[in-house]
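Note sheet for the following structure.
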Protein chains: 2
Amino acid sequence: MVTAREIAQLCGVSVATVSRVFNRPATVSATTREHVERVARELDFSPNESARALSRQQSAMVGLVWDTDHRRPGWRHPFLQDLLLGLKSALSSHGYHLLMLATSDDARDRNPGVSLADPVAYVSMTRRHHLAGLVLIDSGTDADAFATFAQSGLPCVAVDVALAGPRATYVTSDNAGGAAEAVRHLAALGHDRIATITGPRGNAPAAARTEGYLRGLAEAGLAARDDFMVTGDFYRESGFVGMRRLLARKDPPTAVFAASDEMAVGALLAARSAGLRVPADLAVVGFDDIEVASLVDPALTTVAQDKPGFGTAAAGALLAMIETGTAPDPVHLPTKLVVRDSCGT
Amino acid sequence: MVTAREIAQLCGVSVATVSRVFNRPATVSATTREHVERVARELDFSPNESARALSRQQSAMVGLVWDTDHRRPGWRHPFLQDLLLGLKSALSSHGYHLLMLATSDDARDRNPGVSLADPVAYVSMTRRHHLAGLVLIDSGTDADAFATFAQSGLPCVAVDVALAGPRATYVTSDNAGGAAEAVRHLAALGHDRIATITGPRGNAPAAARTEGYLRGLAEAGLAARDDFMVTGDFYRESGFVGMRRLLARKDPPTAVFAASDEMAVGALLAARSAGLRVPADLAVVGFDDIEVASLVDPALTTVAQDKPGFGTAAAGALLAMIETGTAPDPVHLPTKLVVRDSCGT
DNA sequence: GCTAGGAATGTAACCGGTTACAGCTGCATC
DNA sequence: GATGCAGCTGTAACCGGTTACATTCCTAGC
């Protein structure tokens, strides 16, 4: 590894000048700059990142906080790969890398009920590594933990968690809008007994989807019914159970909006096991547009999220905060209703 | 952020002693050590990672090289989340973090046909960041690129690519063994016309699965037939096309081993569109055990890979190389045949 | 011709640790 | 009582950059 000192010697200038060429080129005369640049290119020199981070008190890295929720074992993020790919690509165009932070497993064992191992540990780690900012992926419903991040003063952008602070913002789908559209779609097909299986309490996207469900009903001129709302937890099993309960009502629904595709699949299975045909006897709409949605039989009509958009938007918001020091407005990505076969026509 | 200097002053010792407490505790007297540890704990001190990396020429980070292959757009890794989770957790127990490396998009645009953007850029980045090692995820078939890594002298562990070198090793499934077991399973069910849809040429796991297919046939006393082997690319579409071609043979197979679940699903769809019932008219086995496998109808019998095992094994091998300096033997994780409904009984 | 001011560069003090080496202490050995 | 050695600790030189401040040089203005 060639150092700035060697470049400086070869060019007959001081290290300071070499450093300036890489950081504030405008302050160096054209001839000197070009000379240094040429030599640096020939010797394949670029500044050592560890030294740079130490000196600047800021590294070219952004931390990723992504913990598994111990209350929801086996939970998979519906589009982690797209999210990471989007983040990686958007960050790389500004020269940043993504550091997947990990706390020692000890911390988790001590607080088995807490989703985010220890926000304080993450913040401290972030400072020790001089990270430029943090991306937080929702991994549960632990609002307190997120507050710690928002208050830390570190640039933070959360995915699917409403985070507010002078240097904190978030990106999420237009969950309410998407849900409302799904319900209007069902209403337009003639359904007037539309139920919902919601996500877990305390989860922001789940709450927004429920809100959208109610708004959709209102817009279609339908009354909301308490007995048409059952609480799920985003998992398939809860969709199955929820659907069973809905079908046991005196006056069962003819359509369901499930707040996740996984639960929609559960609902599909419950309908089948109850001898109902989908979509003839029951219409089902999901949310997420996970891969499985197009594969189940009948293929699931669902509200698609802008998966690559999450990564891009999160990276954009974070970089803006890092560079300007102020938090941009939260991003609400548009959703898109993907009509397949589970609602009929 | 409190520094070692402050701890040293408070304890009335030199910074060197504070440093020793954290790095070679045995060389410090018990009383001094305990005093420093107590003060450090009270002030929530831990050494600054940037400074430590610079000084030691080695950071507590491991790089992840994961590029999307531009010849295979839309490709998803069958179990990225498990892999990352496994890596993260195994690395964290040794105090390491995972840095997702990204090269600038420019590099990709210049070589659109190349999967790994630029191995040289990755190696240089690794050095500049003083990374302790690299994890390479297969993202295509670019053997040359991997050779560059193996020869760089950096501790490298590849996933699903045979990597050899003084500090390079790999982890993969027992692809041949799993495939052979699948074929034996089909043979045991009475099939004697067993075809295969292979993965792409040049891909190591694909080649091993084909080898296992042939071995399985031999073990079952069946002859291999050229017209029962069609080449796919792991994608669903190629499974569909491949199955169509197989079904068009004079003497069509009664069973297929698809080298990926995606292709198995494609085969399922092709069989259905040809009016065949699965498993009555055609038995199908896949490979991977992706989530979808259990959801298609009929549920797919498949060779499951040890998904969390990959992360653990890769991290273990890498840490061993980092600590001992020598490469452990390649890891071949056992597979497991998961019998569902797509082969009948 | 003299000076003010701006541009270009060098000097040196950081950033916050690690570690080779040297020095000091105390105890066992002769 | 001198010697040797082991154990502990301090001193200071790194690691490789960044940047405030000082210095030099040159030109425009009076």
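Going through the structure tokens in order, the chains are called A, B, and so on, while each chain numbers its residues from 1 and the ligands are numbered from 1 in the order shown.
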
Could you give me, as a tab-separated table, a per-residue list for chain D showing, wherever an atom lies at most 9 Å from an atom of range 11-18 of chain C, the closest pair of atoms and their distance in Å to one decimal, using only C-alpha atoms (C1' of nucleotides) and sorting by chain then residue number from low to high?
```
residue	atom	partner	partner_atom	distance
D:DC14	C1'	C:DT18	C1'	8.5
D:DC15	C1'	C:DT18	C1'	8.7
D:DT18	C1'	C:DC14	C1'	8.5
D:DT19	C1'	C:DC14	C1'	8.6
D:DA20	C1'	C:DA13	C1'	8.8
D:DC21	C1'	C:DT11	C1'	8.9
D:DA22	C1'	C:DT11	C1'	7.7
```

Self-check item: Interface list for chain D, partner chain B, 9 Å threshold, only C-alpha atoms (C1' of nucleotides), as JSON, numbers by chain
Solution: {"D": [7, 8, 9, 10, 14, 15, 16]}

Quiz item: Within 7 Å of chain B, which residues of chain A show up when using only C-alpha atoms, listed as a count of residues only?
Solution: 24

Exercise. Identify which of the residues C:DA28, C:DA22, C:DC2, C:DA7 lies closest to chain A, counting only C-alpha atoms (C1' of nucleotides) when measuring atom-to-atom distances.
Key: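 Among the listed residues, C:DA7 lies closest to chain A.
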
Practice problem: Tell me, as a PyMOL selection string, which residues lie within 10 Å of range 24-27 of chain D, counting only C-alpha atoms (C1' of nucleotides); anything in the same chain fewer than 3 positions away does not count. | Solution: chain C and resi 5-10

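Between CA of Gln151 in chain A and CA of Ala132 in chain A lies a distance of 15.7 Å.
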
Quiz item: Just how far from CA of Gly12 in chain B is CA of Thr31 in chain B, in Å to one decimal?
Solution: 12.7 Å

Might you pull out every residue within 12 Å of range 1-4 of chain D, with only C-alpha atoms (C1' of nucleotides) counted and same-chain residues fewer than 6 positions away left off, and present them as a CSV table (one decimal) with N, CA and C atoms (P, O5', C5', C4', C3', O3' and C1' of nucleotides), in the first residue's frame?
```
chain,number,residue,atom,x,y,z
C,27,DC,P,9.3,-8.3,47.8
C,27,DC,O5',9.7,-9.7,47.4
C,27,DC,C5',9.2,-10.4,46.3
C,27,DC,C4',10.1,-11.3,45.7
C,27,DC,C3',10.9,-12.2,46.7
C,27,DC,O3',10.8,-13.6,46.3
C,27,DC,C1',12.4,-11.2,45.2
C,28,DA,P,11.2,-14.7,47.4
C,28,DA,O5',12.1,-15.6,46.5
C,28,DA,C5',11.8,-15.9,45.2
C,28,DA,C4',13.0,-16.4,44.5
C,28,DA,C3',13.9,-17.4,45.3
C,28,DA,O3',14.4,-18.4,44.4
C,28,DA,C1',15.2,-15.5,44.8
C,29,DT,P,15.2,-19.6,44.9
C,29,DT,O5',16.7,-19.2,44.5
C,29,DT,C5',17.0,-18.8,43.2
C,29,DT,C4',18.4,-18.4,43.0
C,29,DT,C3',19.4,-19.4,43.8
C,29,DT,O3',20.4,-19.8,42.9
C,29,DT,C1',19.8,-17.1,44.3
C,30,DC,P,21.5,-20.9,43.4
C,30,DC,O5',22.8,-20.1,43.6
C,30,DC,C5',23.4,-19.3,42.6
C,30,DC,C4',24.5,-18.4,43.2
C,30,DC,C3',25.5,-19.3,44.1
C,30,DC,O3',26.8,-18.9,43.7
C,30,DC,C1',24.7,-17.5,45.3
```

Exercise. For CA of Pro328 in chain A and CA of Asp288 in chain A, quote the distance in Å rounded to one decimal.
Key: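 One can read the CA of Pro328 in chain A to CA of Asp288 in chain A distance as 25.4 Å.
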
Self-check item: Shell around Met321 in chain B at 10 Å using only C-alpha atoms (C1' of nucleotides), local window under 5 positions removed, as number ranges by chain
Solution: B: 132-133, 154-157, 166-169, 315-316, 326-328

Quiz prompt | Who sits within 9 Å of range 248-250 of chain B, only C-alpha atoms (C1' of nucleotides), same chain under 3 positions skipped, as a list in words | solution = Asp227, Phe228, Met243, Arg244, Arg245 and Pro253 of chain B

Store the residues picked out above in a file with N, CA and C atoms, as a short mmCIF file (atom, residue, chain, number, x, y, z; two decimals), in the first residue's frame.
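Final file, again-v1.cif:
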```cif
data_model
loop_
_atom_site.label_atom_id
_atom_site.label_comp_id
_atom_site.auth_asym_id
_atom_site.auth_seq_id
_atom_site.Cartn_x
_atom_site.Cartn_y
_atom_site.Cartn_z
N ASP B 227 -30.66 -37.55 -23.85
CA ASP B 227 -31.89 -36.81 -24.16
C ASP B 227 -32.73 -36.58 -22.91
N PHE B 228 -32.27 -37.01 -21.78
CA PHE B 228 -32.98 -36.74 -20.53
C PHE B 228 -32.27 -35.64 -19.72
N MET B 243 -38.73 -28.41 -19.20
CA MET B 243 -39.72 -29.48 -19.01
C MET B 243 -40.50 -29.72 -20.30
N ARG B 244 -40.85 -28.65 -20.96
CA ARG B 244 -41.56 -28.79 -22.24
C ARG B 244 -40.76 -29.65 -23.20
N ARG B 245 -39.45 -29.34 -23.25
CA ARG B 245 -38.62 -30.10 -24.18
C ARG B 245 -38.54 -31.56 -23.78
N PRO B 253 -39.82 -38.71 -19.89
CA PRO B 253 -39.52 -39.16 -18.52
C PRO B 253 -40.78 -39.17 -17.66
#
```

Quiz prompt | Residue set, range 160-318 of chain B restricted to alpha helix (DSSP H), as a PyMOL selection string | solution = chain B and resi 175-188+204-219+236-247+261-273+307-318

Quiz item: When DSSP works through the backbone of this structure, what residues of range 119-228 of chain A end up as strand (DSSP E), shown as a ChimeraX atom specification?
Solution: /A:133-137,156-159,168-173,194-198

I need the residues from that last selection saved to file as an mmCIF file, in the first residue's frame (with N, CA and C atoms), if you can.
```cif
data_model
loop_
_atom_site.group_PDB
_atom_site.id
_atom_site.type_symbol
_atom_site.label_atom_id
_atom_site.label_comp_id
_atom_site.auth_asym_id
_atom_site.auth_seq_id
_atom_site.Cartn_x
_atom_site.Cartn_y
_atom_site.Cartn_z
ATOM 1 N N GLY A 133 -23.679 7.653 9.640
ATOM 2 C CA GLY A 133 -25.113 7.623 9.923
ATOM 3 C C GLY A 133 -25.599 6.203 10.105
ATOM 4 N N LEU A 134 -26.888 6.067 10.331
ATOM 5 C CA LEU A 134 -27.460 4.745 10.592
ATOM 6 C C LEU A 134 -28.732 4.518 9.779
ATOM 7 N N VAL A 135 -28.886 3.294 9.319
ATOM 8 C CA VAL A 135 -30.150 2.871 8.727
ATOM 9 C C VAL A 135 -30.763 1.865 9.687
ATOM 10 N N LEU A 136 -31.990 2.089 10.051
ATOM 11 C CA LEU A 136 -32.645 1.204 11.013
ATOM 12 C C LEU A 136 -33.760 0.438 10.321
ATOM 13 N N ILE A 137 -33.679 -0.862 10.403
ATOM 14 C CA ILE A 137 -34.749 -1.666 9.810
ATOM 15 C C ILE A 137 -35.686 -2.111 10.910
ATOM 16 N N CYS A 156 -30.058 9.435 11.311
ATOM 17 C CA CYS A 156 -30.721 8.131 11.295
ATOM 18 C C CYS A 156 -31.867 8.127 10.309
ATOM 19 N N VAL A 157 -31.980 7.076 9.548
ATOM 20 C CA VAL A 157 -33.177 6.922 8.741
ATOM 21 C C VAL A 157 -33.740 5.533 9.003
ATOM 22 N N ALA A 158 -35.019 5.491 9.333
ATOM 23 C CA ALA A 158 -35.651 4.218 9.670
ATOM 24 C C ALA A 158 -36.502 3.740 8.506
ATOM 25 N N VAL A 159 -36.610 2.445 8.412
ATOM 26 C CA VAL A 159 -37.470 1.864 7.394
ATOM 27 C C VAL A 159 -38.718 1.340 8.086
ATOM 28 N N ALA A 168 -33.282 12.811 12.175
ATOM 29 C CA ALA A 168 -33.890 11.498 12.001
ATOM 30 C C ALA A 168 -35.111 11.622 11.117
ATOM 31 N N THR A 169 -35.241 10.672 10.237
ATOM 32 C CA THR A 169 -36.448 10.643 9.412
ATOM 33 C C THR A 169 -36.718 9.191 9.042
ATOM 34 N N TYR A 170 -37.670 8.963 8.177
ATOM 35 C CA TYR A 170 -37.958 7.576 7.842
ATOM 36 C C TYR A 170 -38.522 7.454 6.445
ATOM 37 N N VAL A 171 -38.553 6.223 5.972
ATOM 38 C CA VAL A 171 -39.198 5.952 4.700
ATOM 39 C C VAL A 171 -40.117 4.758 4.895
ATOM 40 N N THR A 172 -41.275 4.878 4.310
ATOM 41 C CA THR A 172 -42.268 3.819 4.442
ATOM 42 C C THR A 172 -43.152 3.878 3.208
ATOM 43 N N SER A 173 -43.982 2.855 3.042
ATOM 44 C CA SER A 173 -44.916 2.902 1.925
ATOM 45 C C SER A 173 -46.105 3.758 2.303
ATOM 46 N N ILE A 194 -66.813 -6.520 3.671
ATOM 47 C CA ILE A 194 -65.358 -6.617 3.530
ATOM 48 C C ILE A 194 -64.689 -6.603 4.901
ATOM 49 N N ALA A 195 -63.979 -7.676 5.207
ATOM 50 C CA ALA A 195 -63.306 -7.778 6.506
ATOM 51 C C ALA A 195 -61.823 -7.461 6.359
ATOM 52 N N THR A 196 -61.142 -7.407 7.487
ATOM 53 C CA THR A 196 -59.681 -7.237 7.428
ATOM 54 C C THR A 196 -59.013 -8.076 8.497
ATOM 55 N N ILE A 197 -57.831 -8.533 8.173
ATOM 56 C CA ILE A 197 -56.965 -9.166 9.172
ATOM 57 C C ILE A 197 -55.780 -8.226 9.301
ATOM 58 N N THR A 198 -55.629 -7.633 10.455
ATOM 59 C CA THR A 198 -54.635 -6.574 10.618
ATOM 60 C C THR A 198 -53.270 -7.126 11.004
#
```

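Using only C-alpha atoms (C1' of nucleotides), the nearest neighbour of chain C within the list A:Gly344, A:Gly190, A:Pro25, A:Gly221 is A:Pro25.
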
Quiz item: Of the candidates A:Arg20, A:Gly325, A:Leu276, A:Ala4, which shows the shortest atom-to-atom distance to chain C, using only C-alpha atoms (C1' of nucleotides)?
Solution: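 With only C-alpha atoms (C1' of nucleotides) as the atom set, the closest residue is A:Arg20.
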